[in-house]
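Student: Here it is, the structure in full.
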2 protein chains.
Amino acid sequence: MSLPERTVERLSEYRRSLLQCLEEGKTHIFSHELAELHHNTAVQVRRDIMFIGYTSMQRKGYDVRELIDVIGDILDSEKGLNVAVVGIGNLGRAVTTYFVGKRSKLNIIATFDVETTKIDRVISGVKCYPLSRLKEVVASHQISIAIVTVPADSAAEVSSQLVEAGIKGVLNFTTVPLDVTKDVYLDEYDMITSLEKVAYFVKTSRS
Amino acid sequence: MSLPERTVERLSEYRRSLLQCLEEGKTHIFSHELAELHHNTAVQVRRDIMFIGYTSMQRKGYDVRELIDVIGDILDSEKGLNVAVVGIGNLGRAVTTYFVGKRSKLNIIATFDVETTKIDRVISGVKCYPLSRLKEVVASHQISIAIVTVPADSAAEVSSQLVEAGIKGVLNFTTVPLDVTKDVYLDEYDMITSLEKVAYFVKTSRS
DNA sequence: AAAATATTGTTAATTTAATCACAGTTTCAG
DNA sequence: CTGAAACTGTGATTAAATTAACAATATTTT
Ligand SMILES: NC(=O)c1ccc[n+]([C@@H]2O[C@H](COP(=O)([O-])OP(=O)(O)OC[C@H]3O[C@@H](n4cnc5c(N)ncnc54)[C@H](O)[C@@H]3O)[C@@H](O)[C@H]2O)c1
Ligand SMILES: NC(=O)c1ccc[n+]([C@@H]2O[C@H](COP(=O)([O-])OP(=O)(O)OC[C@H]3O[C@@H](n4cnc5c(N)ncnc54)[C@H](O)[C@@H]3O)[C@@H](O)[C@H]2O)c1
């Protein structure tokens, strides 16, 4: 019933490029053009689009606006989903600032921290609550997704509180793998790993 | 000659857990323990370790310290590699602060920006240079890796300047896919995509 | 010291993802 | 109107990654 993870990722990426095209006044795009933008192949693009059941006007390429809408039908929730950022340090602030106001079905509507100096502060219009109020605020604001940017040694504890509070999706930027119940979708991004990977391939290409 | 990307990633992640184990005084670890920490299987762990040609003392698990060293031999460059952060806005500052001082073979030794107010500022001991001096500084400091955190609309331009300057690895945090020559290793991380993916799977698990 | 147990290393099987190859359209040039 | 060119959509194929299965080995138990 649900699409392969990699396809979901690529669709999200395609959409961003398509929105860019729209701004530039481009109304149609060929599979090989999208492919080139995204470092993959025309077949891959067509296959991804096939997955979502969209078919283009033959020979003219894909209608940019239509494709954006179709991807939206797949990826977005009709009413949008509410998101919280947990841990308002350097990264948490950057993320919050960045996401707020992005046209999107994902609304950051609360942040959480434990440090008293941060509580009640407003970042880009979003208020910071004490972590102790997590469950209550998640429920009252119908928050379903959490972005975790707390220090590594608080991560496990925070993670279980999130599950407890009824969060359904977690994006973890901490460098420790979290543990959630399996009704919660977890995506982990580890920046150190990315950088070490780049370093590895730089190293091996040298020799 | 070089390992699969996913294996490299996992090795980097294993190492982090292993360092943690060491701190906790744990000297040996079983494949299934590592697997559990990293949401994968014991076979997967053993296979990854097989790739790097390490074999444990049978029946006792892997020697934590040895395994850390062996992973280091694979991932790290003997002398370390120098890294620059390009674009010292919210994200660039967070990343710089975070990485500096991490014991590691990856040293952030310069940052770059175009805004005059940021130039010559020092963040966590790292100086900010004007982008116009990129080529010169990259050469003089032997910088081989760049982390890109400039605004989306400058990304393409900056990317070609990086290639021109002789950078060999790029970690792109921008939401536009970059284009580099194929002697340059490129890793792109798109935070919006991650979040949209989480949202998609939250949505589909609902229905 | 034999049997039972726990764990690794690896071959083989399976699953998943990507690519090839090509028929089917539409457009265009002559 | 005909044939060549340019794309798409997809069945078939190949490649890559993961998982299953199990022999080999060390340890513990009896
Ligand atoms: N800064 C980066 O660029 C970067 C890069 C990679 C990974 N990370 C990871 O992101 C996390 C945060 O990094 P940072 O640089 O923003 O750190 P930071 O110290 O600046 O921020 C951490 C914030 O979390 C708050 N906090 C602590 N315990 C908490 C709890 N139990 N509940 C809620 N909030 C709590 C702190 O008060 C602080 O505001 C770390 O785990 C780090 O490993 C950061
Ligand atoms: N902040 C986040 O959490 C976040 C999340 C996802 C993606 N990103 C991406 O990261 C990038 C930066 O985000 P940010 O929030 O830090 O933005 P920002 O505006 O705070 O910072 C951008 C910095 O880049 C500098 N800059 C502009 N043009 C430059 C150039 N040509 N060369 C060098 N420096 C230049 C600016 O002076 C500024 O200091 C954006 O592309 C954004 O899409 C950020």
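So you can find residues: chains in the structure tokens are A, B, ... in the order shown, residues in each start at 1, and ligands are numbered from 1 in order.
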Kindly provide, as an NGL selection string, the residues of chain D having any atom no farther than 7 Å from an atom of chain A, counting only C-alpha atoms (C1' of nucleotides).
Tutor: :D and (6-8)
Student: Tell me, as a PyMOL selection string, which residues lie within 12 Å of DA21 of chain D, counting only C-alpha atoms (C1' of nucleotides); anything in the same chain fewer than 3 positions away does not count.
Tutor: (chain B and resi 43) or (chain C and resi 10-13)
Student: Hey, could you make a per-residue contact list for chain A against ligand 2 with 12 Å as the cut-off, showing the nearest pair of atoms and its distance in Å to one decimal, counting only C-alpha atoms and all ligand atoms, sorted by chain and number, as CSV?
Tutor:
residue,atom,partner,partner_atom_place_in_ligand_line,distance
A:Arg16,CA,ligand 2,43 (O),11.2
A:Val85,CA,ligand 2,3 (O),11.3
A:Ile88,CA,ligand 2,3 (O),11.8
A:Gly89,CA,ligand 2,3 (O),11.6
A:Asn90,CA,ligand 2,3 (O),9.4
A:Leu91,CA,ligand 2,3 (O),6.7
A:Gly92,CA,ligand 2,3 (O),7.5
A:Arg93,CA,ligand 2,3 (O),7.5
A:Ala94,CA,ligand 2,1 (N),4.2
A:Val95,CA,ligand 2,3 (O),3.3
A:Thr96,CA,ligand 2,3 (O),6.7
A:Thr97,CA,ligand 2,1 (N),6.5
A:Tyr98,CA,ligand 2,1 (N),4.6
A:Phe99,CA,ligand 2,5 (C),7.2
A:Val100,CA,ligand 2,3 (O),10.2
A:Lys102,CA,ligand 2,43 (O),10.6
A:Ile147,CA,ligand 2,3 (O),11.2
A:Thr149,CA,ligand 2,3 (O),10.9
A:Phe173,CA,ligand 2,3 (O),10.9
Student: For the selection just defined, write its residues with all heavy atoms to a file, as a short mmCIF file (atom, residue, chain, number, x, y, z; two decimals), in the first residue's frame.
Tutor:
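File written: result.cif
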data_model
loop_
_atom_site.label_atom_id
_atom_site.label_comp_id
_atom_site.auth_asym_id
_atom_site.auth_seq_id
_atom_site.Cartn_x
_atom_site.Cartn_y
_atom_site.Cartn_z
N ARG A 16 10.31 19.74 -5.19
CA ARG A 16 11.03 20.99 -4.95
C ARG A 16 11.56 21.57 -6.26
O ARG A 16 11.44 22.75 -6.54
CB ARG A 16 12.18 20.78 -3.98
CG ARG A 16 12.36 21.92 -3.01
CD ARG A 16 11.57 21.69 -1.70
NE ARG A 16 11.71 20.32 -1.29
CZ ARG A 16 12.86 19.76 -0.95
NH1 ARG A 16 13.97 20.45 -0.97
NH2 ARG A 16 12.88 18.51 -0.59
N VAL A 85 9.58 20.87 17.72
CA VAL A 85 11.03 20.71 17.81
C VAL A 85 11.38 20.58 19.29
O VAL A 85 10.99 21.43 20.10
CB VAL A 85 11.76 21.92 17.20
CG1 VAL A 85 13.27 21.80 17.39
CG2 VAL A 85 11.42 22.05 15.71
N ILE A 88 15.93 23.25 22.13
CA ILE A 88 16.12 24.49 21.39
C ILE A 88 17.53 25.04 21.62
O ILE A 88 17.72 26.11 22.19
CB ILE A 88 15.01 25.49 21.79
CG1 ILE A 88 13.69 24.97 21.26
CG2 ILE A 88 15.23 26.86 21.19
CD1 ILE A 88 13.66 24.78 19.76
N GLY A 89 18.51 24.27 21.17
CA GLY A 89 19.90 24.73 21.18
C GLY A 89 20.23 25.30 19.81
O GLY A 89 19.35 25.79 19.10
N ASN A 90 21.48 25.22 19.43
CA ASN A 90 21.91 25.80 18.16
C ASN A 90 21.16 25.19 16.98
O ASN A 90 20.64 25.89 16.13
CB ASN A 90 23.41 25.58 17.96
CG ASN A 90 24.22 26.36 18.96
OD1 ASN A 90 23.94 27.54 19.21
ND2 ASN A 90 25.21 25.72 19.57
N LEU A 91 21.14 23.87 16.96
CA LEU A 91 20.52 23.21 15.82
C LEU A 91 19.00 23.38 15.84
O LEU A 91 18.38 23.69 14.83
CB LEU A 91 20.89 21.73 15.80
CG LEU A 91 20.39 20.94 14.59
CD1 LEU A 91 20.90 21.54 13.29
CD2 LEU A 91 20.82 19.48 14.69
N GLY A 92 18.42 23.18 17.00
CA GLY A 92 16.97 23.32 17.14
C GLY A 92 16.49 24.70 16.69
O GLY A 92 15.48 24.82 15.99
N ARG A 93 17.21 25.72 17.07
CA ARG A 93 16.83 27.08 16.65
C ARG A 93 16.94 27.24 15.14
O ARG A 93 16.05 27.79 14.49
CB ARG A 93 17.72 28.12 17.34
CG ARG A 93 17.25 28.49 18.74
CD ARG A 93 17.92 29.78 19.20
NE ARG A 93 19.38 29.70 19.12
CZ ARG A 93 20.15 29.18 20.06
NH1 ARG A 93 19.61 28.69 21.17
NH2 ARG A 93 21.45 29.14 19.90
N ALA A 94 18.05 26.74 14.58
CA ALA A 94 18.24 26.86 13.13
C ALA A 94 17.10 26.18 12.38
O ALA A 94 16.51 26.74 11.46
CB ALA A 94 19.59 26.26 12.72
N VAL A 95 16.78 24.98 12.82
CA VAL A 95 15.73 24.21 12.16
C VAL A 95 14.38 24.91 12.27
O VAL A 95 13.64 25.03 11.28
CB VAL A 95 15.65 22.80 12.78
CG1 VAL A 95 14.40 22.07 12.33
CG2 VAL A 95 16.90 22.00 12.43
N THR A 96 14.09 25.37 13.46
CA THR A 96 12.80 26.05 13.68
C THR A 96 12.69 27.28 12.78
O THR A 96 11.71 27.45 12.04
CB THR A 96 12.66 26.46 15.15
OG1 THR A 96 12.85 25.31 15.97
CG2 THR A 96 11.28 27.05 15.42
N THR A 97 13.69 28.12 12.84
CA THR A 97 13.69 29.33 12.02
C THR A 97 13.51 28.99 10.56
O THR A 97 12.76 29.64 9.83
CB THR A 97 15.04 30.06 12.18
OG1 THR A 97 15.32 30.21 13.56
CG2 THR A 97 15.00 31.43 11.50
N TYR A 98 14.22 27.95 10.16
CA TYR A 98 14.19 27.59 8.75
C TYR A 98 12.81 27.12 8.29
O TYR A 98 12.33 27.52 7.24
CB TYR A 98 15.23 26.50 8.48
CG TYR A 98 15.23 26.04 7.07
CD1 TYR A 98 15.69 26.87 6.06
CD2 TYR A 98 14.75 24.78 6.72
CE1 TYR A 98 15.69 26.46 4.73
CE2 TYR A 98 14.75 24.36 5.40
CZ TYR A 98 15.22 25.20 4.42
OH TYR A 98 15.20 24.78 3.12
N PHE A 99 12.18 26.28 9.09
CA PHE A 99 10.94 25.65 8.63
C PHE A 99 9.72 26.55 8.74
O PHE A 99 8.78 26.42 7.97
CB PHE A 99 10.67 24.35 9.39
CG PHE A 99 11.33 23.17 8.75
CD1 PHE A 99 12.41 22.55 9.36
CD2 PHE A 99 10.88 22.70 7.53
CE1 PHE A 99 13.03 21.46 8.76
CE2 PHE A 99 11.50 21.61 6.93
CZ PHE A 99 12.58 20.99 7.54
N VAL A 100 9.75 27.44 9.73
CA VAL A 100 8.57 28.26 9.92
C VAL A 100 8.35 29.14 8.69
O VAL A 100 9.28 29.72 8.16
CB VAL A 100 8.70 29.13 11.19
CG1 VAL A 100 7.64 30.21 11.22
CG2 VAL A 100 8.61 28.25 12.42
N LYS A 102 7.72 28.29 5.73
CA LYS A 102 7.82 27.59 4.45
C LYS A 102 6.40 27.16 4.05
O LYS A 102 5.72 26.55 4.83
CB LYS A 102 8.69 26.33 4.59
CG LYS A 102 10.17 26.57 4.62
CD LYS A 102 10.81 26.25 3.28
CE LYS A 102 12.26 26.68 3.24
NZ LYS A 102 12.48 28.09 3.64
N ILE A 147 10.78 16.69 15.94
CA ILE A 147 12.17 16.76 15.50
C ILE A 147 13.01 16.84 16.76
O ILE A 147 12.80 17.73 17.59
CB ILE A 147 12.41 18.01 14.63
CG1 ILE A 147 11.49 17.97 13.41
CG2 ILE A 147 13.87 18.10 14.21
CD1 ILE A 147 11.62 19.20 12.50
N THR A 149 16.35 17.44 18.76
CA THR A 149 17.66 18.10 18.73
C THR A 149 18.14 18.38 20.15
O THR A 149 18.62 19.47 20.44
CB THR A 149 17.58 19.43 17.95
OG1 THR A 149 16.49 20.21 18.46
CG2 THR A 149 17.35 19.20 16.48
N PHE A 173 17.92 14.01 15.00
CA PHE A 173 19.19 14.59 14.56
C PHE A 173 20.31 14.34 15.54
O PHE A 173 21.44 14.77 15.34
CB PHE A 173 19.04 16.09 14.34
CG PHE A 173 18.32 16.42 13.09
CD1 PHE A 173 17.19 17.22 13.10
CD2 PHE A 173 18.76 15.92 11.87
CE1 PHE A 173 16.51 17.51 11.93
CE2 PHE A 173 18.09 16.21 10.70
CZ PHE A 173 16.96 17.00 10.73
#
Student: Go ahead and compute the interatomic distance for atom CA of Val148 of chain A and atom CA of Asn172 of chain A, in Å to one decimal.
Tutor: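 Separation of atom CA of Val148 of chain A and atom CA of Asn172 of chain A: 4.9 Å.
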Student: Quick one: contact table of chain A to ligand 1, 8 Å max, nearest atom pair and distance in Å to one decimal per residue, counting only C-alpha atoms and all ligand atoms, chain and number order, as a tab-separated table?
Tutor:
residue	atom	partner	partner_atom_place_in_ligand_line	distance
A:Val86	CA	ligand 1	33 (C)	5.4
A:Gly87	CA	ligand 1	24 (O)	3.5
A:Ile88	CA	ligand 1	39 (O)	4.2
A:Gly89	CA	ligand 1	21 (O)	3.0
A:Asn90	CA	ligand 1	16 (O)	3.8
A:Leu91	CA	ligand 1	16 (O)	3.7
A:Gly92	CA	ligand 1	16 (O)	5.4
A:Arg93	CA	ligand 1	16 (O)	7.4
A:Phe112	CA	ligand 1	33 (C)	5.7
A:Asp113	CA	ligand 1	34 (N)	3.6
A:Val114	CA	ligand 1	34 (N)	4.8
A:Glu115	CA	ligand 1	37 (O)	4.6
A:Lys118	CA	ligand 1	39 (O)	7.1
A:Pro130	CA	ligand 1	33 (C)	7.7
A:Leu131	CA	ligand 1	32 (N)	5.7
A:Val148	CA	ligand 1	11 (C)	7.4
A:Thr149	CA	ligand 1	11 (C)	4.1
A:Val150	CA	ligand 1	24 (O)	3.8
A:Pro151	CA	ligand 1	41 (O)	3.6
A:Ala152	CA	ligand 1	41 (O)	4.0
A:Asp153	CA	ligand 1	41 (O)	7.5
A:Ser154	CA	ligand 1	31 (N)	4.9
A:Ala155	CA	ligand 1	41 (O)	7.1
A:Glu157	CA	ligand 1	31 (N)	7.0
A:Val158	CA	ligand 1	31 (N)	5.7
A:Phe173	CA	ligand 1	10 (O)	5.2
A:Thr174	CA	ligand 1	41 (O)	3.8
A:Thr175	CA	ligand 1	43 (O)	4.8
A:Val176	CA	ligand 1	41 (O)	7.5
A:Asp190	CA	ligand 1	6 (C)	6.4
A:Met191	CA	ligand 1	6 (C)	4.9
A:Ile192	CA	ligand 1	6 (C)	6.4
Student: Rounded to one decimal, what separation in Å do you get between atom CA of Ser2 of chain A and atom CA of Arg6 of chain B?
Tutor: 22.8 Å
Student: Near chain A, meaning an atom within 9 Å, which residues of chain C appear when counting only C-alpha atoms (C1' of nucleotides)? Write them as a ChimeraX atom specification.
Tutor: /C:18-19,25-27
Student: Given the choices A:Val8, A:Val163, A:Val64, A:Leu34, which gets closest to chain B if the distance is worked out from only C-alpha atoms?
Tutor: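 Answer, going by the shortest atom-to-atom distance: A:Val8.
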Student: For DT30 of chain D, work out the shell of residues within 12 Å, counting only C-alpha atoms (C1' of nucleotides) and skipping chain neighbours fewer than 2 positions away, then give it as a short mmCIF file (atom, residue, chain, number, x, y, z; two decimals) with C-alpha atoms (C1' of nucleotides), in the first residue's frame.
Tutor:
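Writing the result to around_26.cif gives the following:
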data_model
loop_
_atom_site.label_atom_id
_atom_site.label_comp_id
_atom_site.auth_asym_id
_atom_site.auth_seq_id
_atom_site.Cartn_x
_atom_site.Cartn_y
_atom_site.Cartn_z
"C1'" DA C 1 35.02 -35.86 28.13
"C1'" DA C 2 30.58 -35.85 25.77
"C1'" DA C 3 26.67 -33.18 25.01
"C1'" DA C 4 24.43 -28.93 24.85
"C1'" DT D 28 29.76 -24.35 29.63
#
Student: So that I can see what lies close to DT13 of chain D, please list as a PyMOL selection string the residues with an atom at most 10 Å from it, counting only C-alpha atoms (C1' of nucleotides) and leaving out residues fewer than 2 positions away in the same chain.
Tutor: (chain C and resi 19-21) or (chain D and resi 11+15)
Student: Write a file of the selected residues as a PDB file, in the first residue's frame, keeping N, CA, C and O atoms (P, O5', C5', C4', C3', O3' and C1' of nucleotides).
Tutor:
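Heads up, here's the output in part_30.pdb:
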ATOM      1  P    DT C  19      20.315   2.749 -12.023  1.00  0.00           P
ATOM      2  O5'  DT C  19      20.051   1.745 -13.223  1.00  0.00           O
ATOM      3  C5'  DT C  19      20.844   0.580 -13.330  1.00  0.00           C
ATOM      4  C4'  DT C  19      20.403  -0.192 -14.564  1.00  0.00           C
ATOM      5  C3'  DT C  19      20.346   0.655 -15.832  1.00  0.00           C
ATOM      6  O3'  DT C  19      21.240   0.038 -16.739  1.00  0.00           O
ATOM      7  C1'  DT C  19      18.392  -0.678 -15.578  1.00  0.00           C
ATOM      8  P    DC C  20      21.405   0.591 -18.238  1.00  0.00           P
ATOM      9  O5'  DC C  20      20.515  -0.483 -19.026  1.00  0.00           O
ATOM     10  C5'  DC C  20      20.642  -1.849 -18.673  1.00  0.00           C
ATOM     11  C4'  DC C  20      19.799  -2.715 -19.596  1.00  0.00           C
ATOM     12  C3'  DC C  20      19.783  -2.261 -21.053  1.00  0.00           C
ATOM     13  O3'  DC C  20      19.844  -3.461 -21.816  1.00  0.00           O
ATOM     14  C1'  DC C  20      17.569  -2.383 -20.221  1.00  0.00           C
ATOM     15  P    DA C  21      19.976  -3.407 -23.418  1.00  0.00           P
ATOM     16  O5'  DA C  21      18.491  -3.683 -23.911  1.00  0.00           O
ATOM     17  C5'  DA C  21      17.713  -4.734 -23.339  1.00  0.00           C
ATOM     18  C4'  DA C  21      16.346  -4.707 -23.987  1.00  0.00           C
ATOM     19  C3'  DA C  21      16.358  -4.151 -25.408  1.00  0.00           C
ATOM     20  O3'  DA C  21      15.381  -4.859 -26.127  1.00  0.00           O
ATOM     21  C1'  DA C  21      14.989  -2.809 -24.094  1.00  0.00           C
TER      22       DA C  21
ATOM     23  P    DG D  11       3.793  -4.216 -17.242  1.00  0.00           P
ATOM     24  O5'  DG D  11       4.386  -5.559 -17.879  1.00  0.00           O
ATOM     25  C5'  DG D  11       4.187  -5.866 -19.259  1.00  0.00           C
ATOM     26  C4'  DG D  11       5.422  -6.598 -19.757  1.00  0.00           C
ATOM     27  C3'  DG D  11       5.838  -7.768 -18.866  1.00  0.00           C
ATOM     28  O3'  DG D  11       6.306  -8.826 -19.714  1.00  0.00           O
ATOM     29  C1'  DG D  11       7.596  -6.161 -18.937  1.00  0.00           C
ATOM     30  P    DA D  15      24.381  -7.645 -14.489  1.00  0.00           P
ATOM     31  O5'  DA D  15      23.994  -6.818 -13.197  1.00  0.00           O
ATOM     32  C5'  DA D  15      23.660  -5.450 -13.295  1.00  0.00           C
ATOM     33  C4'  DA D  15      23.445  -4.929 -11.906  1.00  0.00           C
ATOM     34  C3'  DA D  15      24.544  -5.321 -10.924  1.00  0.00           C
ATOM     35  O3'  DA D  15      24.824  -4.140 -10.220  1.00  0.00           O
ATOM     36  C1'  DA D  15      22.453  -5.976 -10.068  1.00  0.00           C
TER      37       DA D  15
END
Student: Counting only C-alpha atoms, a student should be able to say which residues of chain A come within 7 Å of chain B; what is the right answer, written as a PyMOL selection string?
Tutor: chain A and resi 2+8-9+12-13+37-38+75-77+90-91+94+168-169+171+177+185+187+193+195-198+200-204
Student: Output N, CA, C and O atoms of each residue in that selection to a file, as a short mmCIF file (atom, residue, chain, number, x, y, z; two decimals), in the first residue's frame.
Tutor:
data_model
loop_
_atom_site.label_atom_id
_atom_site.label_comp_id
_atom_site.auth_asym_id
_atom_site.auth_seq_id
_atom_site.Cartn_x
_atom_site.Cartn_y
_atom_site.Cartn_z
N SER A 2 1.99 1.20 0.75
CA SER A 2 2.81 2.41 0.77
C SER A 2 4.05 2.27 -0.11
O SER A 2 4.55 1.19 -0.36
N VAL A 8 9.66 7.73 -2.11
CA VAL A 8 9.08 8.86 -1.39
C VAL A 8 10.09 10.01 -1.32
O VAL A 8 9.75 11.16 -1.59
N GLU A 9 11.31 9.68 -1.00
CA GLU A 9 12.34 10.72 -0.93
C GLU A 9 12.49 11.44 -2.26
O GLU A 9 12.51 12.67 -2.33
N SER A 12 9.66 13.80 -3.11
CA SER A 12 9.78 15.06 -2.39
C SER A 12 10.81 15.97 -3.06
O SER A 12 10.59 17.17 -3.23
N GLU A 13 11.89 15.37 -3.49
CA GLU A 13 12.93 16.15 -4.14
C GLU A 13 12.47 16.67 -5.50
O GLU A 13 12.69 17.84 -5.83
N LEU A 37 18.77 16.87 -13.13
CA LEU A 37 18.78 17.69 -11.92
C LEU A 37 19.06 16.87 -10.66
O LEU A 37 19.68 17.35 -9.72
N HIS A 38 18.60 15.63 -10.68
CA HIS A 38 18.67 14.84 -9.45
C HIS A 38 19.68 13.72 -9.50
O HIS A 38 19.58 12.76 -8.72
N LEU A 75 2.00 12.72 -1.01
CA LEU A 75 2.83 13.00 0.16
C LEU A 75 2.09 13.73 1.28
O LEU A 75 2.29 13.42 2.45
N ASP A 76 1.29 14.69 0.93
CA ASP A 76 0.73 15.54 1.96
C ASP A 76 -0.52 14.96 2.61
O ASP A 76 -1.28 14.25 1.97
N SER A 77 -0.70 15.31 3.85
CA SER A 77 -1.96 15.01 4.51
C SER A 77 -2.88 16.18 4.23
O SER A 77 -2.45 17.33 4.23
N ASN A 90 21.48 25.22 19.43
CA ASN A 90 21.91 25.80 18.16
C ASN A 90 21.16 25.19 16.98
O ASN A 90 20.64 25.89 16.13
N LEU A 91 21.14 23.87 16.96
CA LEU A 91 20.52 23.21 15.82
C LEU A 91 19.00 23.38 15.84
O LEU A 91 18.38 23.69 14.83
N ALA A 94 18.05 26.74 14.58
CA ALA A 94 18.24 26.86 13.13
C ALA A 94 17.10 26.18 12.38
O ALA A 94 16.51 26.74 11.46
N LYS A 168 3.71 10.31 16.54
CA LYS A 168 3.65 9.21 15.58
C LYS A 168 4.82 9.17 14.59
O LYS A 168 4.99 8.21 13.84
N GLY A 169 5.60 10.24 14.55
CA GLY A 169 6.76 10.25 13.67
C GLY A 169 7.88 11.05 14.30
O GLY A 169 7.63 12.10 14.90
N LEU A 171 11.87 12.59 13.76
CA LEU A 171 13.06 12.85 12.96
C LEU A 171 14.18 13.15 13.95
O LEU A 171 14.14 14.15 14.65
N PRO A 177 21.24 6.44 18.12
CA PRO A 177 20.03 5.84 17.56
C PRO A 177 18.96 5.74 18.64
O PRO A 177 19.25 5.32 19.76
N TYR A 185 6.94 6.02 13.34
CA TYR A 185 7.92 6.00 12.26
C TYR A 185 9.12 6.84 12.67
O TYR A 185 8.98 7.97 13.13
N ASP A 187 12.95 8.34 11.58
CA ASP A 187 14.00 8.58 10.60
C ASP A 187 15.16 9.21 11.34
O ASP A 187 14.99 10.16 12.09
N THR A 193 28.09 10.84 10.53
CA THR A 193 28.19 9.75 9.57
C THR A 193 28.30 10.28 8.15
O THR A 193 29.13 9.82 7.37
N LEU A 195 29.47 13.08 7.15
CA LEU A 195 30.77 13.69 6.93
C LEU A 195 31.86 12.63 6.86
O LEU A 195 32.76 12.69 6.01
N GLU A 196 31.74 11.62 7.69
CA GLU A 196 32.74 10.55 7.66
C GLU A 196 32.65 9.77 6.35
O GLU A 196 33.66 9.30 5.82
N LYS A 197 31.46 9.67 5.84
CA LYS A 197 31.29 8.98 4.56
C LYS A 197 31.95 9.78 3.45
O LYS A 197 32.69 9.22 2.62
N VAL A 198 31.71 11.06 3.42
CA VAL A 198 32.37 11.90 2.41
C VAL A 198 33.88 11.73 2.53
O VAL A 198 34.58 11.51 1.54
N TYR A 200 35.58 9.28 3.74
CA TYR A 200 36.00 7.96 3.28
C TYR A 200 36.14 7.92 1.76
O TYR A 200 37.14 7.43 1.23
N PHE A 201 35.16 8.46 1.07
CA PHE A 201 35.21 8.38 -0.39
C PHE A 201 36.25 9.35 -0.97
O PHE A 201 36.84 9.07 -2.01
N VAL A 202 36.50 10.43 -0.27
CA VAL A 202 37.59 11.30 -0.69
C VAL A 202 38.91 10.54 -0.53
O VAL A 202 39.74 10.51 -1.43
N LYS A 203 39.04 9.90 0.60
CA LYS A 203 40.25 9.12 0.87
C LYS A 203 40.46 8.04 -0.18
O LYS A 203 41.54 7.92 -0.74
N THR A 204 39.44 7.25 -0.43
CA THR A 204 39.63 6.12 -1.35
C THR A 204 39.80 6.56 -2.80
O THR A 204 40.42 5.85 -3.58
#
Student: Please return as a ChimeraX atom specification: the residues of segment 71-185 of chain A that backbone DSSP assigns to helix (DSSP H, G or I).
Tutor: /A:71-75,90-99,131-140,152-165
Student: Give me, as a PyMOL selection string, all polymer residues having an atom no more than 7 Å from Thr111 of chain B, counting only C-alpha atoms (C1' of nucleotides) and skipping those fewer than 3 positions away in the same chain.
Tutor: chain B and resi 84-86+126-129
Student: Kindly give the distance, in Å, that separates atom CA of Glu136 of chain A and atom CA of Ser160 of chain A, rounded to a single decimal.
Tutor: 15.3 Å
Student: Run DSSP on the backbone and give me the residues of segment 3-205 of chain B it puts in strand (DSSP E or B), as a VMD selection string.
Tutor: chain B and resid 28 to 29 57 61 to 63 81 to 86 106 to 113 122 to 123 126 to 130 143 to 148 169 to 172 185 to 188
